[in-house]
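The next block holds one structure in the form of structure tokens; read it before the comments.
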Amino acid sequence: AQSVTQLDSHVSVSEGTPVLLRCNYSSSYSPSLFWYVQHPNKGLQLLLKYTSAATLVKGINGFEAEFKKSETSFHLTKPSAHMSDAAEYFCVVSDRNQAGTALIFGKGTTLSVSS
Amino acid sequence: ETGVTQSPTHLIKTRGQQVTLRCSSQSGHNTVSWYQQALGQGPQFIFQYYREEENGRGNFPPRFSGLQFPNYSSELNVNALELDDSALYLCASSLAGVYTGELFFGEGSRLTVL
């Protein structure tokens with residue numbers, strides 16, 4: 001069975017400093033992994049996805065993530081945080097046991113950015 | 001391009017009642033999924049509809065049911081409401097046969113059960 005574990009429930013950074021949100025995965029197959037972001041009162045939005053191509057994946061708004069099979073990790077990073085990055089971030093794995101596209105979400109990491 | 005829209009945005013029900021939530025999929029999308037997001041948790045997959053039939057279901061009891069209409073819009077019905085059903089219900093649309101893992105989510109319907 002597939003699952004993801006987000007290692008931090010809350011991360012606080014200052015504007016202009018790097019962001020690291022950690023995620024470990026468990027999968028019986030070569031996984032498809034994603035990061036989604038949820039801003040207050042907004043719908044979930046895809047940040048980036050890994051589907052067995054390049055291990056370093058670039059997404060929107062300057063975010064990127066690196067797939068490390070040896071560490072079963074898919075951490076999300078950004079070199080310089082912006083106030084607008086404050087949101088809830090979810091690490092997600094695709095459930096291949098389901099017909100269609102069923103996503104398994106982690107519990108989320110709240111990112112706070114201070115000025 | 002019209003995004004995913006959900007209604008109502010907020011509603012309050014009492015235990016034992018029934019509720020219907022509605023979703024219009026993004027233009028051109030023929031698949032609709034529903035997720036439940038409890039407070040402080042990640043969304044959990046309820047079920048998915050394609051060609052007006054359920055084609056995948058998560059670990060939810062039968063009192064959670066759905067419909068998809070010929071125009072690809074969808075309803076989520078929950079019978080015999082329980083306090084634990086209080087959550088944000090998210091609808092997401094996608095295009096079957098084009099697997100990118102990207103779902104387009106609406107802003108959700110927040111259900112409170114008293």
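Letters A, B, ... mark the chains of the structure tokens in the order given; residue numbers begin at 1 per chain; ligand numbers begin at 1, in order shown.
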
I need the helix (DSSP H, G or I) residues of chain A per DSSP on the backbone, written as a PDB file with all heavy atoms, in the first residue's frame.
```
ATOM      1  N   ILE A  60       5.928  25.278  -9.854  1.00  0.00           N
ATOM      2  CA  ILE A  60       5.561  26.687  -9.981  1.00  0.00           C
ATOM      3  C   ILE A  60       6.098  27.498  -8.805  1.00  0.00           C
ATOM      4  O   ILE A  60       6.436  26.938  -7.756  1.00  0.00           O
ATOM      5  CB  ILE A  60       4.031  26.853 -10.080  1.00  0.00           C
ATOM      6  CG1 ILE A  60       3.335  26.321  -8.814  1.00  0.00           C
ATOM      7  CG2 ILE A  60       3.505  26.149 -11.316  1.00  0.00           C
ATOM      8  CD1 ILE A  60       1.855  26.606  -8.756  1.00  0.00           C
ATOM      9  N   ASN A  61       6.189  28.789  -8.997  1.00  0.00           N
ATOM     10  CA  ASN A  61       6.570  29.731  -7.940  1.00  0.00           C
ATOM     11  C   ASN A  61       7.938  29.449  -7.325  1.00  0.00           C
ATOM     12  O   ASN A  61       8.170  29.747  -6.155  1.00  0.00           O
ATOM     13  CB  ASN A  61       5.508  29.757  -6.829  1.00  0.00           C
ATOM     14  CG  ASN A  61       4.143  30.182  -7.359  1.00  0.00           C
ATOM     15  OD1 ASN A  61       4.052  30.908  -8.340  1.00  0.00           O
ATOM     16  ND2 ASN A  61       3.093  29.716  -6.718  1.00  0.00           N
ATOM     17  N   GLY A  62       8.843  28.865  -8.091  1.00  0.00           N
ATOM     18  CA  GLY A  62      10.208  28.663  -7.628  1.00  0.00           C
ATOM     19  C   GLY A  62      10.424  27.440  -6.756  1.00  0.00           C
ATOM     20  O   GLY A  62      11.527  27.225  -6.239  1.00  0.00           O
ATOM     21  N   MET A  83       6.374  36.107   1.305  1.00  0.00           N
ATOM     22  CA  MET A  83       5.209  36.152   2.192  1.00  0.00           C
ATOM     23  C   MET A  83       4.025  35.380   1.600  1.00  0.00           C
ATOM     24  O   MET A  83       3.266  34.719   2.325  1.00  0.00           O
ATOM     25  CB  MET A  83       4.798  37.600   2.458  1.00  0.00           C
ATOM     26  CG  MET A  83       5.816  38.417   3.219  1.00  0.00           C
ATOM     27  SD  MET A  83       6.061  37.823   4.903  1.00  0.00           S
ATOM     28  CE  MET A  83       4.534  38.372   5.646  1.00  0.00           C
ATOM     29  N   SER A  84       3.884  35.425   0.300  1.00  0.00           N
ATOM     30  CA  SER A  84       2.755  34.764  -0.355  1.00  0.00           C
ATOM     31  C   SER A  84       2.859  33.233  -0.332  1.00  0.00           C
ATOM     32  O   SER A  84       1.916  32.542  -0.730  1.00  0.00           O
ATOM     33  CB  SER A  84       2.635  35.237  -1.802  1.00  0.00           C
ATOM     34  OG  SER A  84       3.805  34.905  -2.524  1.00  0.00           O
ATOM     35  N   ASP A  85       4.004  32.704   0.116  1.00  0.00           N
ATOM     36  CA  ASP A  85       4.158  31.250   0.208  1.00  0.00           C
ATOM     37  C   ASP A  85       3.471  30.660   1.436  1.00  0.00           C
ATOM     38  O   ASP A  85       3.346  29.437   1.560  1.00  0.00           O
ATOM     39  CB  ASP A  85       5.643  30.862   0.242  1.00  0.00           C
ATOM     40  CG  ASP A  85       6.369  31.195  -1.050  1.00  0.00           C
ATOM     41  OD1 ASP A  85       5.734  31.156  -2.124  1.00  0.00           O
ATOM     42  OD2 ASP A  85       7.579  31.523  -0.973  1.00  0.00           O
TER      43      ASP A  85
END
```

Inset, instruction - Tell me the residues of chain A close to chain B, meaning within 8 Å using only C-alpha atoms, as a list in words. - result: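 My answer is Ser32, Phe34, Asn41, Lys42, Gly43, Leu44, Gln45, Leu46, Lys49, Phe90, Ser94, Gln98, Ala99, Gly100, Thr101, Ala102, Leu103, Ile104, Phe105, Gly106, Lys107 and Gly108 of chain A.
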
Legend entry - Å distance separating atom CA of Cys23 of chain B from atom CA of Ser74 of chain B, one decimal place: 5.2 Å

Inset, instruction - Could you find all residues in chain B that DSSP calls strand (DSSP E or B) from the backbone, and write them as number ranges by chain? - result: B: 5-7, 10-13, 19-24, 31-37, 44-50, 53-57, 64-68, 74-78, 87-94, 104-105, 109-113

Inset, instruction - Could you give me, as a PyMOL selection string, the residues within 10 Å of Glu75 of chain B, counting only C-alpha atoms and dropping anything in the same chain fewer than 3 positions from it? - result: chain B and resi 6-7+20-24+32+34+65-69+78+91

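Within 8 Å of segment 69-72 of chain A, once only C-alpha atoms are used and residues closer than 5 positions along the same chain are dropped, the contacting residues are A:Asn24, A:Tyr25, A:Ser26.
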
Inset, instruction - Could you give me, as a list of chain:residue names, the residues within 7 Å of Gln2 of chain A, counting only C-alpha atoms and dropping anything in the same chain fewer than 4 positions from it? - result: A:Ser26, A:Ser27, A:Ser28, A:Val93, A:Asp95

Legend entry - One-decimal distance in Å that lies between atom CA of Pro18 of chain A and atom CA of Ala81 of chain A: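 Between these atoms lies a distance of 5.9 Å.
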
Inset, instruction - For Ser52 of chain A, list every protein, DNA or RNA residue within 10 Å, evaluated using only C-alpha atoms, and leave out those in the same chain fewer than 3 positions away; present the list as a PyMOL selection string. - result: chain A and resi 30-33+49+55+67
